[in-house]
file input-v1.cif (mmCIF, C-alpha atoms)
data_upload
#
loop_
_atom_site.label_atom_id
_atom_site.label_comp_id
_atom_site.auth_asym_id
_atom_site.auth_seq_id
_atom_site.Cartn_x
_atom_site.Cartn_y
_atom_site.Cartn_z
CA MET A 210 -2.52 -15.25 -21.59
CA PRO A 211 -5.37 -13.73 -19.59
CA SER A 212 -8.54 -15.74 -19.18
CA ARG A 213 -10.33 -13.22 -21.39
CA SER A 214 -9.89 -9.90 -23.15
CA LEU A 215 -11.81 -6.82 -22.08
CA ASP A 216 -12.76 -4.14 -24.60
CA TYR A 217 -11.78 -1.24 -22.33
CA PRO A 218 -8.60 -0.16 -20.52
CA VAL A 219 -7.72 -2.16 -17.40
CA PHE A 220 -5.67 -0.37 -14.73
CA ASP A 221 -4.54 -2.37 -11.71
CA ALA A 222 -4.18 -0.40 -8.45
CA ASP A 223 -2.08 -3.05 -6.72
CA ASN A 224 0.96 -4.49 -8.48
CA HIS A 225 4.34 -4.96 -6.81
CA LEU A 226 8.00 -4.87 -7.66
CA TYR A 227 10.68 -6.77 -5.77
CA GLU A 228 13.61 -4.65 -4.62
CA THR A 229 17.24 -5.46 -5.41
CA THR A 230 19.73 -5.83 -2.56
CA ASP A 231 21.14 -2.36 -3.22
CA SER A 232 17.77 -0.60 -3.34
CA PHE A 233 18.25 1.04 0.06
CA THR A 234 22.00 1.55 -0.12
CA ARG A 235 22.99 2.45 -3.70
CA HIS A 236 22.42 6.14 -3.03
CA LEU A 237 22.69 6.16 0.76
CA PRO A 238 25.22 8.76 2.02
CA ARG A 239 28.47 7.30 3.34
CA GLU A 240 27.76 8.39 6.91
CA TYR A 241 25.00 5.76 6.94
CA ASP A 242 27.20 2.86 5.83
CA GLY A 243 26.07 -0.28 7.64
CA LEU A 244 22.66 1.11 8.58
CA ILE A 245 21.03 -1.36 6.17
CA LYS A 246 22.83 -4.56 5.27
CA TYR A 247 22.33 -8.17 4.31
CA VAL A 248 23.77 -10.88 6.53
CA GLU A 249 24.01 -14.66 6.45
CA VAL A 250 22.17 -16.54 9.20
CA ALA A 251 22.31 -20.34 9.20
CA GLY A 252 22.83 -20.38 5.45
CA ARG A 253 20.02 -17.91 4.70
CA THR A 254 20.32 -14.27 3.71
CA LYS A 255 18.53 -11.82 6.00
CA ILE A 256 18.22 -8.05 6.10
CA ALA A 257 19.44 -6.16 9.15
CA VAL A 258 18.44 -2.62 10.08
CA ARG A 259 20.84 -1.00 12.57
CA ASN A 260 22.33 -4.44 13.24
CA VAL A 261 18.93 -5.92 14.15
CA ILE A 262 18.03 -8.85 11.92
CA SER A 263 14.48 -8.76 10.58
CA ASP A 264 12.29 -11.72 9.61
CA TYR A 265 9.57 -9.42 8.25
CA ILE A 266 10.20 -10.83 4.76
CA PRO A 267 11.47 -14.44 4.96
CA ASN A 268 13.61 -14.11 1.82
CA PRO A 269 14.56 -10.43 1.37
CA THR A 270 16.69 -11.13 -1.71
CA PHE A 271 13.56 -12.32 -3.58
CA GLU A 272 15.59 -14.81 -5.57
CA VAL A 273 12.94 -17.39 -4.76
CA VAL A 274 9.35 -16.29 -4.09
CA ALA A 275 5.85 -17.69 -3.72
CA ALA A 276 3.96 -18.06 -6.99
CA PRO A 277 1.54 -15.24 -7.88
CA GLY A 278 -1.89 -15.99 -6.46
CA ALA A 279 -0.75 -19.02 -4.47
CA GLN A 280 -3.11 -18.08 -1.63
CA GLU A 281 -6.04 -17.00 -3.78
CA GLU A 282 -8.23 -19.99 -2.95
CA TYR A 283 -7.26 -19.80 0.71
CA PHE A 284 -8.54 -16.24 0.96
CA ARG A 285 -11.69 -17.00 -1.01
CA THR A 286 -12.80 -20.11 0.88
CA GLY A 287 -10.78 -20.30 4.09
CA ASN A 288 -8.72 -23.19 5.38
CA LYS A 289 -11.21 -25.84 6.45
CA GLU A 290 -8.60 -28.57 5.93
CA GLY A 291 -6.24 -26.94 8.39
CA LYS A 292 -3.29 -26.76 6.00
CA SER A 293 -0.02 -25.32 7.19
CA TYR A 294 1.13 -21.98 5.83
CA ARG A 295 3.78 -23.70 3.73
CA GLU A 296 1.21 -26.13 2.32
CA ILE A 297 -1.02 -23.23 1.33
CA LEU A 298 1.84 -21.40 -0.40
CA GLY A 299 2.84 -24.45 -2.40
CA LYS A 300 6.02 -24.75 -4.42
CA PRO A 301 8.05 -21.53 -4.73
CA ILE A 302 9.34 -20.18 -8.04
CA ARG A 303 12.45 -18.37 -9.19
CA SER A 304 11.93 -14.65 -9.57
CA LEU A 305 11.05 -13.57 -13.09
CA PRO A 306 12.90 -10.70 -14.79
CA GLY A 307 9.63 -8.76 -14.86
CA PHE A 308 9.60 -8.63 -11.07
CA ARG A 309 12.56 -6.23 -11.24
CA ASP A 310 12.63 -4.72 -14.71
CA PRO A 311 9.91 -2.49 -16.20
CA ALA A 312 10.50 -3.51 -19.83
CA GLU A 313 10.06 -7.15 -18.88
CA ARG A 314 7.08 -6.25 -16.69
CA ILE A 315 5.34 -4.67 -19.66
CA LYS A 316 5.55 -8.03 -21.43
CA ILE A 317 3.93 -9.71 -18.42
CA MET A 318 1.22 -7.05 -18.25
CA ASP A 319 0.46 -7.58 -21.93
CA GLY A 320 0.06 -11.26 -21.19
CA LEU A 321 -2.23 -10.52 -18.24
CA GLY A 322 -4.38 -8.03 -20.12
CA LEU A 323 -3.32 -5.05 -18.00
CA ASP A 324 -3.02 -1.67 -19.67
CA GLY A 325 -1.59 0.07 -16.61
CA ALA A 326 -0.65 -0.59 -13.01
CA LEU A 327 0.55 1.08 -9.85
CA MET A 328 3.83 -0.55 -8.83
CA TRP A 329 4.33 -0.65 -5.06
CA PRO A 330 7.57 -1.67 -3.36
CA THR A 331 7.58 -4.78 -1.20
CA LEU A 332 10.50 -4.84 1.24
CA ALA A 333 10.41 -1.06 1.73
CA SER A 334 7.38 -1.40 3.99
CA LEU A 335 9.66 -2.48 6.85
CA LEU A 336 11.84 0.64 6.84
CA GLU A 337 9.90 3.32 8.65
CA GLU A 338 8.90 1.27 11.69
CA ARG A 339 12.44 0.03 12.27
CA LEU A 340 13.93 3.51 11.93
CA GLY A 341 11.13 5.28 13.77
CA ASP A 342 13.26 6.83 16.50
CA ASP A 343 15.64 8.46 14.00
CA PRO A 344 13.71 10.73 11.61
CA VAL A 345 16.89 12.09 10.03
CA ALA A 346 18.12 8.62 9.08
CA THR A 347 14.62 7.68 7.92
CA HIS A 348 14.55 10.54 5.44
CA ALA A 349 18.02 9.61 4.18
CA VAL A 350 17.04 5.99 3.53
CA ILE A 351 13.72 6.92 1.94
CA HIS A 352 15.44 9.35 -0.42
CA ALA A 353 17.99 6.66 -1.32
CA LEU A 354 15.14 4.24 -2.04
CA ASN A 355 13.35 6.74 -4.26
CA ARG A 356 16.53 7.47 -6.21
CA TRP A 357 16.98 3.72 -6.77
CA MET A 358 13.35 3.41 -7.85
CA HIS A 359 13.76 6.22 -10.35
CA ASP A 360 17.00 4.62 -11.66
CA ASP A 361 15.52 1.19 -12.22
CA TRP A 362 11.81 1.84 -12.83
CA THR A 363 11.32 5.60 -13.38
CA PHE A 364 8.17 7.08 -11.86
CA ASN A 365 6.20 6.73 -15.08
CA TYR A 366 7.24 3.98 -17.47
CA GLU A 367 5.59 4.38 -20.89
CA ASN A 368 2.43 5.77 -19.26
CA ARG A 369 1.64 2.22 -18.16
CA ILE A 370 3.70 1.47 -15.05
CA PHE A 371 3.45 3.99 -12.23
CA PRO A 372 5.92 3.22 -9.42
CA THR A 373 5.04 4.70 -6.03
CA PRO A 374 7.86 6.65 -4.37
CA VAL A 375 7.69 6.77 -0.59
CA ILE A 376 7.20 10.00 1.36
CA ASN A 377 8.02 10.15 5.07
CA LEU A 378 6.74 13.11 7.09
CA GLY A 379 8.79 12.78 10.27
CA ILE A 380 10.31 16.17 9.45
CA VAL A 381 7.73 18.13 7.47
CA GLU A 382 10.26 20.18 5.53
CA GLU A 383 12.05 17.02 4.42
CA GLY A 384 8.73 15.53 3.33
CA ILE A 385 8.07 18.60 1.19
CA ARG A 386 11.55 18.36 -0.31
CA GLU A 387 11.00 14.67 -1.17
CA LEU A 388 7.59 15.40 -2.69
CA GLU A 389 9.11 18.08 -4.91
CA TYR A 390 11.89 15.69 -5.93
CA VAL A 391 9.53 12.93 -7.11
CA VAL A 392 6.99 15.26 -8.72
CA GLU A 393 9.74 16.93 -10.75
CA ARG A 394 10.65 13.45 -12.05
CA GLY A 395 7.17 12.54 -13.16
CA ALA A 396 5.58 10.77 -10.21
CA ARG A 397 1.80 10.40 -10.51
CA VAL A 398 1.30 8.73 -7.11
CA ILE A 399 3.07 8.72 -3.75
CA LEU A 400 3.07 6.21 -0.90
CA ILE A 401 2.53 7.34 2.68
CA ARG A 402 2.50 4.74 5.45
CA PRO A 403 -0.91 4.56 7.16
CA ALA A 404 0.38 5.20 10.67
CA PRO A 405 1.21 8.01 13.08
CA VAL A 406 4.40 9.76 12.00
CA PRO A 407 7.42 9.43 14.29
CA GLY A 408 9.10 12.80 14.63
CA LEU A 409 11.73 14.53 16.73
CA PHE A 410 9.23 14.99 19.58
CA GLY A 411 7.10 11.86 19.38
CA LYS A 412 4.41 10.46 17.10
CA ARG A 413 1.44 12.31 15.66
CA SER A 414 -1.07 12.11 12.84
CA PHE A 415 -0.06 13.52 9.48
CA ALA A 416 -3.56 15.00 9.20
CA LEU A 417 -2.86 17.64 11.85
CA PRO A 418 -2.49 21.31 10.81
CA GLU A 419 1.28 21.06 11.36
CA PHE A 420 1.45 19.20 8.03
CA ASP A 421 -0.68 21.63 6.02
CA PRO A 422 2.32 23.08 4.12
CA PHE A 423 2.94 19.57 2.78
CA TRP A 424 -0.71 18.95 1.88
CA ALA A 425 -0.88 22.30 0.12
CA LYS A 426 1.94 21.08 -2.15
CA VAL A 427 0.15 17.75 -2.72
CA ALA A 428 -3.06 19.54 -3.65
CA GLU A 429 -1.15 21.85 -6.00
CA ALA A 430 0.50 18.87 -7.72
CA ASP A 431 -2.87 17.06 -7.92
CA ILE A 432 -1.11 13.79 -7.15
CA LEU A 433 -2.73 10.61 -5.80
CA VAL A 434 -1.80 9.64 -2.23
CA GLY A 435 -1.57 5.88 -1.77
CA LEU A 436 -2.06 4.45 1.71
CA HIS A 437 -0.75 0.95 1.07
CA ALA A 438 -0.83 -1.61 3.87
CA SER A 439 2.50 -1.65 5.67
CA ASP A 440 4.12 -2.32 9.01
CA SER A 441 2.25 0.48 10.76
CA GLY A 442 3.67 -0.35 14.16
CA TYR A 443 0.43 -1.79 15.50
CA GLU A 444 2.11 -5.06 16.39
CA ARG A 445 2.97 -3.43 19.70
CA TYR A 446 -0.70 -3.59 20.72
CA THR A 447 -0.94 -7.29 19.89
CA ASN A 448 2.30 -7.89 21.78
CA GLU A 449 0.93 -6.16 24.86
CA TRP A 450 -2.16 -8.36 24.90
CA GLU A 451 -0.13 -11.52 24.34
CA GLY A 452 2.69 -10.66 26.71
CA VAL A 453 5.36 -10.61 24.01
CA ARG A 454 8.39 -8.34 24.24
CA ASP A 455 9.53 -6.49 21.15
CA GLY A 456 8.10 -8.93 18.61
CA GLU A 457 8.12 -7.51 15.07
CA MET A 458 5.31 -7.77 12.57
CA LEU A 459 5.63 -11.02 10.59
CA PRO A 460 3.00 -10.84 7.83
CA PHE A 461 4.19 -14.01 6.10
CA LYS A 462 4.19 -16.26 9.13
CA GLY A 463 1.25 -17.98 10.78
CA ALA A 464 -0.34 -15.81 13.48
CA SER A 465 -1.95 -16.69 16.79
CA ALA A 466 -5.73 -16.87 17.09
CA PHE A 467 -5.76 -13.49 18.84
CA ALA A 468 -3.63 -11.84 16.17
CA GLN A 469 -5.78 -13.30 13.38
CA ILE A 470 -8.88 -11.75 14.93
CA ILE A 471 -7.29 -8.38 15.66
CA ARG A 472 -5.90 -8.05 12.12
CA HIS A 473 -9.41 -8.51 10.77
CA PHE A 474 -10.40 -5.16 12.30
CA SER A 475 -7.87 -3.32 10.07
CA ARG A 476 -7.09 -0.77 12.74
CA PRO A 477 -4.20 0.98 10.96
CA ILE A 478 -6.31 2.02 7.99
CA VAL A 479 -9.41 2.64 10.14
CA ASP A 480 -7.45 5.03 12.33
CA THR A 481 -5.71 6.67 9.37
CA VAL A 482 -8.86 7.38 7.37
CA THR A 483 -10.71 8.51 10.50
CA SER A 484 -7.89 10.93 11.24
CA LEU A 485 -7.87 12.31 7.69
CA ILE A 486 -11.53 13.20 8.08
CA ALA A 487 -11.82 14.06 11.79
CA HIS A 488 -8.61 16.10 11.95
CA GLY A 489 -9.87 18.11 9.01
CA VAL A 490 -7.15 17.85 6.38
CA CYS A 491 -9.67 16.69 3.77
CA SER A 492 -11.81 19.72 4.52
CA ARG A 493 -8.89 22.16 4.48
CA PHE A 494 -7.76 20.63 1.15
CA PRO A 495 -10.93 19.18 -0.43
CA THR A 496 -9.20 18.17 -3.68
CA LEU A 497 -6.87 15.68 -1.98
CA LYS A 498 -7.29 12.09 -3.18
CA PHE A 499 -6.40 9.18 -0.90
CA ALA A 500 -6.35 5.53 -1.99
CA PRO A 501 -6.16 2.88 0.75
CA VAL A 502 -4.67 -0.07 -1.14
CA GLU A 503 -4.32 -3.68 0.03
CA ASN A 504 -6.28 -2.83 3.15
CA GLY A 505 -9.47 -4.47 1.95
CA SER A 506 -12.90 -2.91 2.38
CA GLY A 507 -14.49 -4.67 5.34
CA TRP A 508 -13.65 -1.64 7.46
CA VAL A 509 -15.57 0.85 5.30
CA ARG A 510 -19.12 0.31 6.55
CA PRO A 511 -18.17 0.41 10.28
CA VAL A 512 -16.20 3.62 9.69
CA LEU A 513 -19.11 5.23 7.86
CA GLU A 514 -21.44 4.21 10.69
CA ALA A 515 -19.05 5.68 13.25
CA LEU A 516 -18.76 8.92 11.27
CA GLU A 517 -22.53 9.19 10.99
CA HIS A 518 -22.98 8.55 14.71
CA ALA A 519 -20.36 11.10 15.75
CA TYR A 520 -21.73 13.74 13.39
CA SER A 521 -25.29 13.27 14.64
CA PHE A 522 -24.21 13.89 18.24
CA ALA A 523 -21.48 16.50 17.74
CA PRO A 524 -21.88 18.26 14.38
CA HIS A 525 -20.03 21.29 15.77
CA SER A 526 -16.89 19.13 16.02
CA PHE A 527 -16.73 18.74 12.23
CA ASP A 528 -16.01 21.22 9.45
CA GLU A 529 -18.55 19.45 7.22
CA ASP A 530 -20.52 16.21 6.93
CA PRO A 531 -17.87 13.47 7.36
CA ILE A 532 -19.79 10.98 5.21
CA GLN A 533 -19.62 13.37 2.29
CA VAL A 534 -15.94 13.93 2.95
CA PHE A 535 -15.29 10.18 2.79
CA LYS A 536 -17.16 9.85 -0.47
CA ARG A 537 -15.33 12.84 -1.94
CA ASN A 538 -11.73 12.17 -0.88
CA ILE A 539 -11.33 8.40 -0.38
CA TYR A 540 -10.91 5.72 -3.09
CA VAL A 541 -11.07 2.13 -1.83
CA HIS A 542 -9.41 -1.01 -3.19
CA PRO A 543 -11.41 -4.08 -2.03
CA PHE A 544 -9.92 -7.53 -1.75
CA HIS A 545 -11.07 -10.01 -4.37
CA GLU A 546 -12.64 -12.25 -1.71
CA GLU A 547 -14.86 -9.46 -0.37
CA ASP A 548 -18.00 -7.84 -1.80
CA PRO A 549 -16.94 -5.19 -4.32
CA VAL A 550 -20.48 -4.87 -5.66
CA GLY A 551 -21.76 -4.04 -2.19
CA LEU A 552 -18.91 -1.56 -1.77
CA CYS A 553 -19.85 0.18 -5.02
CA ARG A 554 -23.41 0.51 -3.80
CA LEU A 555 -22.19 1.86 -0.46
CA ILE A 556 -19.75 4.57 -1.59
CA GLY A 557 -20.31 4.77 -5.35
CA ALA A 558 -18.58 2.91 -8.18
CA ASP A 559 -16.52 5.99 -9.00
CA ARG A 560 -14.69 5.55 -5.67
CA VAL A 561 -13.74 1.87 -6.03
CA LEU A 562 -10.46 0.59 -7.52
CA PHE A 563 -9.59 -2.85 -8.87
CA GLY A 564 -6.31 -4.30 -7.65
CA SER A 565 -4.84 -7.79 -7.92
CA ASP A 566 -1.74 -7.67 -5.64
CA TRP A 567 0.20 -9.35 -8.46
CA PRO A 568 2.69 -11.06 -8.13
CA HIS A 569 2.20 -11.55 -4.39
CA PRO A 570 0.75 -14.87 -3.25
CA GLU A 571 -2.23 -13.24 -1.49
CA GLY A 572 -3.61 -11.84 -4.73
CA LEU A 573 -4.95 -13.06 -8.05
CA ALA A 574 -2.94 -15.28 -10.37
CA ASP A 575 -5.04 -13.99 -13.28
CA PRO A 576 -5.84 -10.38 -12.34
CA ILE A 577 -8.51 -9.80 -14.93
CA THR A 578 -10.78 -12.38 -13.25
CA PHE A 579 -11.64 -9.64 -10.74
CA VAL A 580 -14.27 -8.59 -13.28
CA ASP A 581 -16.24 -11.74 -12.36
CA ASP A 582 -16.76 -10.32 -8.87
CA LEU A 583 -18.44 -7.23 -10.35
CA LYS A 584 -21.39 -9.08 -11.91
CA GLY A 585 -24.62 -7.24 -11.29
CA LEU A 586 -23.15 -3.78 -11.75
CA PRO A 587 -23.97 -1.67 -14.82
CA ASP A 588 -21.35 -1.94 -17.56
CA ASP A 589 -20.29 1.68 -17.05
CA ASP A 590 -19.60 1.03 -13.37
CA ILE A 591 -17.57 -2.08 -14.19
CA ARG A 592 -15.43 -0.05 -16.59
CA LYS A 593 -14.82 2.55 -13.88
CA VAL A 594 -13.74 -0.01 -11.29
CA MET A 595 -11.57 -2.06 -13.65
CA GLY A 596 -9.57 0.91 -14.85
CA GLY A 597 -11.40 4.11 -15.57
CA ASN A 598 -11.22 5.47 -12.04
CA LEU A 599 -7.51 4.85 -11.63
CA ALA A 600 -6.64 6.13 -15.10
CA ALA A 601 -8.44 9.38 -14.27
CA LEU A 602 -6.62 9.69 -10.94
CA LEU A 603 -3.30 9.27 -12.76
CA HIS A 604 -4.32 11.73 -15.50
CA VAL A 605 -3.96 9.11 -18.20
CA ALA A 606 -6.16 9.65 -21.24
#

call {"tool": "encode", "arguments": {"input": "input-v1.cif", "output": "structure tokens"}}
result
Amino acid sequence: MPSRSLDYPVFDADNHLYETTDSFTRHLPREYDGLIKYVEVAGRTKIAVRNVISDYIPNPTFEVVAAPGAQEEYFRTGNKEGKSYREILGKPIRSLPGFRDPAERIKIMDGLGLDGALMWPTLASLLEERLGDDPVATHAVIHALNRWMHDDWTFNYENRIFPTPVINLGIVEEGIRELEYVVERGARVILIRPAPVPGLFGKRSFALPEFDPFWAKVAEADILVGLHASDSGYERYTNEWEGVRDGEMLPFKGASAFAQIIRHFSRPIVDTVTSLIAHGVCSRFPTLKFAPVENGSGWVRPVLEALEHAYSFAPHSFDEDPIQVFKRNIYVHPFHEEDPVGLCRLIGADRVLFGSDWPHPEGLADPITFVDDLKGLPDDDIRKVMGGNLAALLHVA
């Protein structure tokens, strides 16, 4: 049972499902057999992409996982005792049926006091970086994933669970085709990796005019664009500074002091949001709605300051005031350990989204306790953050 009951709808912007071992392959065309597979290594099951074993997720079968909220106290207060990562995570648990089945997840949500939730994939965040030099294969795997997601979860389960199909834009026409596929099947939100898009001729921002045919379709569909934290490929910069060759991002393994500091700057989402505004896509399509999720909010004030500075010195470089663009087009999900009240005062409560990261260990074991971090806000603002804003973005009455 939740720690309390709220007398208004609660919509969580950051819930997760755990993929099954056939999620990438069930609908993958035969010519891609073996592209994604599970292999045994020293008695443990690992995922391999193009015959390269990945440790991105330590246990990609998700049969055993960390308990929801296992790291909550760690993120709130730090690690003054110097505990190891395994000590912080504590004892693992067997996966619950609700981690993989929407009917069972509804029962869990009822117990947690959640009326609705976005449902992000977990393992899928490794795909695009590891297939980056093959846009054709990337689109094939992403489409297979979305077909699996629709099979097992739908894109709108009882107007309460809203799974987030992935859109890759390596080939713009394929991205448009995938968008049309998921919208026709009821998707209310899509997931785009916050990173430059690898294409046939190199990487580039998806906010450039080349992608306007896609964004026109997004604006027409009036669908929310989620920018969930992912493997954005930025590990290469850390590797260069640390003299490491070809090391992959390992989000669930202890990082070096340098990597810990660099991650704090949230460069993938900083660069992504800056590009959305500075490259003008939010001005060309002012009704677009972007939601950076599980990226925290510590980056927001520095970005706003940078936008203000640039605009004051070079207003002719912008289509309109970039601060106003941010406050019009961007919806931010703050971490529970940050200052959501300060964020509401900075960008407005109608642009802030509650999210618990349930059932991941980094999040909240009892999601509804996020409301405690909103003390000091007017009741109407609290209602917006805890559910009203997201429900409106999803067009849920």

call {"tool": "resolve_selection", "arguments": {"input": "input-v1.cif", "expression": "the PyMOL selection byres ((chain A and resi 350) around 12)", "output": "PyMOL selection string"}}
result
chain A and resi 231-245+258+333+335-337+339-341+343-349+351-357+375-377+387

call {"tool": "axis_aligned_box", "arguments": {"input": "input-v1.cif", "around": "segment 418-425 of chain A", "padding_each_side": "4 Å", "output": "lines of an AutoDock Vina configuration file"}}
result
center_x = 0.2
center_y = 21.0
center_z = 5.7
size_x = 13.4
size_y = 12.1
size_z = 19.2

call {"tool": "closest_residue", "arguments": {"input": "input-v1.cif", "among": "A:Ser441, A:Thr578, A:Asn365, A:Ser521", "to": "Val398 of chain A", "atoms": "all atoms listed in the file"}}
result
A:Asn365

call {"tool": "closest_atom_pairs", "arguments": {"input": "input-v1.cif", "of": "segment 521-600 of chain A", "to": "segment 481-494 of chain A", "cutoff": "12 Å", "atoms": "only C-alpha atoms", "output": "tab-separated table"}}
result
residue	atom	partner	partner_atom	distance
A:Ala523	CA	A:Ala487	CA	11.6
A:Pro524	CA	A:Ala487	CA	11.2
A:His525	CA	A:Ala487	CA	11.6
A:Ser526	CA	A:Ala487	CA	8.3
A:Phe527	CA	A:Ala487	CA	6.8
A:Asp528	CA	A:Ser492	CA	6.6
A:Glu529	CA	A:Ser492	CA	7.3
A:Asp530	CA	A:Ile486	CA	9.6
A:Pro531	CA	A:Ile486	CA	6.4
A:Ile532	CA	A:Ile486	CA	9.0
A:Gln533	CA	A:Ile486	CA	9.9
A:Val534	CA	A:Ile486	CA	6.8
A:Phe535	CA	A:Ile486	CA	7.2
A:Lys536	CA	A:Ile486	CA	10.8
A:Arg537	CA	A:Cys491	CA	8.9
A:Asn538	CA	A:Cys491	CA	6.8
A:Ile539	CA	A:Val482	CA	8.2
A:Tyr540	CA	A:Val482	CA	10.8
A:Val541	CA	A:Val482	CA	10.8

call {"tool": "resolve_selection", "arguments": {"input": "input-v1.cif", "expression": "the PyMOL selection byres ((chain A and resi 586-597) around 7)", "output": "list in words"}}
result
Tyr217, Pro218, Val219, Phe220, Asp221, Val550, Ala558, Asp559, Val561, Leu562, Phe563, Leu583, Lys584, Gly585, Asn598, Leu599, Ala600 and Ala601 of chain A

call {"tool": "write_last_selection", "arguments": {"input": "input-v1.cif", "atoms": "C-alpha atoms", "output": "PDB file, keeping the file's coordinate frame"}}
result
ATOM      1  CA  TYR A 217     -11.780  -1.240 -22.330  1.00  0.00           C
ATOM      2  CA  PRO A 218      -8.600  -0.160 -20.520  1.00  0.00           C
ATOM      3  CA  VAL A 219      -7.720  -2.160 -17.400  1.00  0.00           C
ATOM      4  CA  PHE A 220      -5.670  -0.370 -14.730  1.00  0.00           C
ATOM      5  CA  ASP A 221      -4.540  -2.370 -11.710  1.00  0.00           C
ATOM      6  CA  VAL A 550     -20.480  -4.870  -5.660  1.00  0.00           C
ATOM      7  CA  ALA A 558     -18.580   2.910  -8.180  1.00  0.00           C
ATOM      8  CA  ASP A 559     -16.520   5.990  -9.000  1.00  0.00           C
ATOM      9  CA  VAL A 561     -13.740   1.870  -6.030  1.00  0.00           C
ATOM     10  CA  LEU A 562     -10.460   0.590  -7.520  1.00  0.00           C
ATOM     11  CA  PHE A 563      -9.590  -2.850  -8.870  1.00  0.00           C
ATOM     12  CA  LEU A 583     -18.440  -7.230 -10.350  1.00  0.00           C
ATOM     13  CA  LYS A 584     -21.390  -9.080 -11.910  1.00  0.00           C
ATOM     14  CA  GLY A 585     -24.620  -7.240 -11.290  1.00  0.00           C
ATOM     15  CA  ASN A 598     -11.220   5.470 -12.040  1.00  0.00           C
ATOM     16  CA  LEU A 599      -7.510   4.850 -11.630  1.00  0.00           C
ATOM     17  CA  ALA A 600      -6.640   6.130 -15.100  1.00  0.00           C
ATOM     18  CA  ALA A 601      -8.440   9.380 -14.270  1.00  0.00           C
TER      19      ALA A 601
END

call {"tool": "closest_residue", "arguments": {"input": "input-v1.cif", "among": "A:Glu281, A:Asp431, A:Asp310, A:Glu228", "to": "Ser334 of chain A", "atoms": "only C-alpha atoms"}}
result
A:Glu228

call {"tool": "build_atoms", "arguments": {"input": "input-v1.cif", "residues": "segment 446-459 of chain A", "atoms": "N, CA and C atoms", "output": "short mmCIF file (atom, residue, chain, number, x, y, z; two decimals), in the coordinates of the input"}}
result
data_model
loop_
_atom_site.label_atom_id
_atom_site.label_comp_id
_atom_site.auth_asym_id
_atom_site.auth_seq_id
_atom_site.Cartn_x
_atom_site.Cartn_y
_atom_site.Cartn_z
N TYR A 446 0.54 -3.39 19.98
CA TYR A 446 -0.70 -3.59 20.72
C TYR A 446 -0.98 -5.09 20.88
N THR A 447 -0.78 -5.84 19.80
CA THR A 447 -0.94 -7.29 19.89
C THR A 447 0.04 -7.88 20.90
N ASN A 448 1.28 -7.40 20.84
CA ASN A 448 2.30 -7.89 21.78
C ASN A 448 1.91 -7.62 23.23
N GLU A 449 1.33 -6.47 23.50
CA GLU A 449 0.93 -6.16 24.86
C GLU A 449 -0.15 -7.13 25.35
N TRP A 450 -1.10 -7.43 24.50
CA TRP A 450 -2.16 -8.36 24.90
C TRP A 450 -1.64 -9.79 25.05
N GLU A 451 -0.62 -10.14 24.29
CA GLU A 451 -0.13 -11.52 24.34
C GLU A 451 1.12 -11.67 25.21
N GLY A 452 1.55 -10.57 25.82
CA GLY A 452 2.69 -10.66 26.71
C GLY A 452 3.99 -10.94 26.01
N VAL A 453 4.15 -10.41 24.81
CA VAL A 453 5.36 -10.61 24.01
C VAL A 453 6.19 -9.34 24.07
N ARG A 454 7.49 -9.49 24.22
CA ARG A 454 8.39 -8.34 24.24
C ARG A 454 9.01 -8.11 22.86
N ASP A 455 8.80 -6.95 22.34
CA ASP A 455 9.53 -6.49 21.15
C ASP A 455 9.39 -7.42 19.95
N GLY A 456 8.29 -8.10 19.80
CA GLY A 456 8.10 -8.93 18.61
C GLY A 456 7.75 -8.07 17.41
N GLU A 457 8.40 -8.31 16.26
CA GLU A 457 8.12 -7.51 15.07
C GLU A 457 6.96 -8.11 14.29
N MET A 458 6.38 -7.30 13.44
CA MET A 458 5.31 -7.77 12.57
C MET A 458 5.87 -8.79 11.59
N LEU A 459 5.20 -9.95 11.50
CA LEU A 459 5.63 -11.02 10.59
C LEU A 459 4.44 -11.40 9.71
#
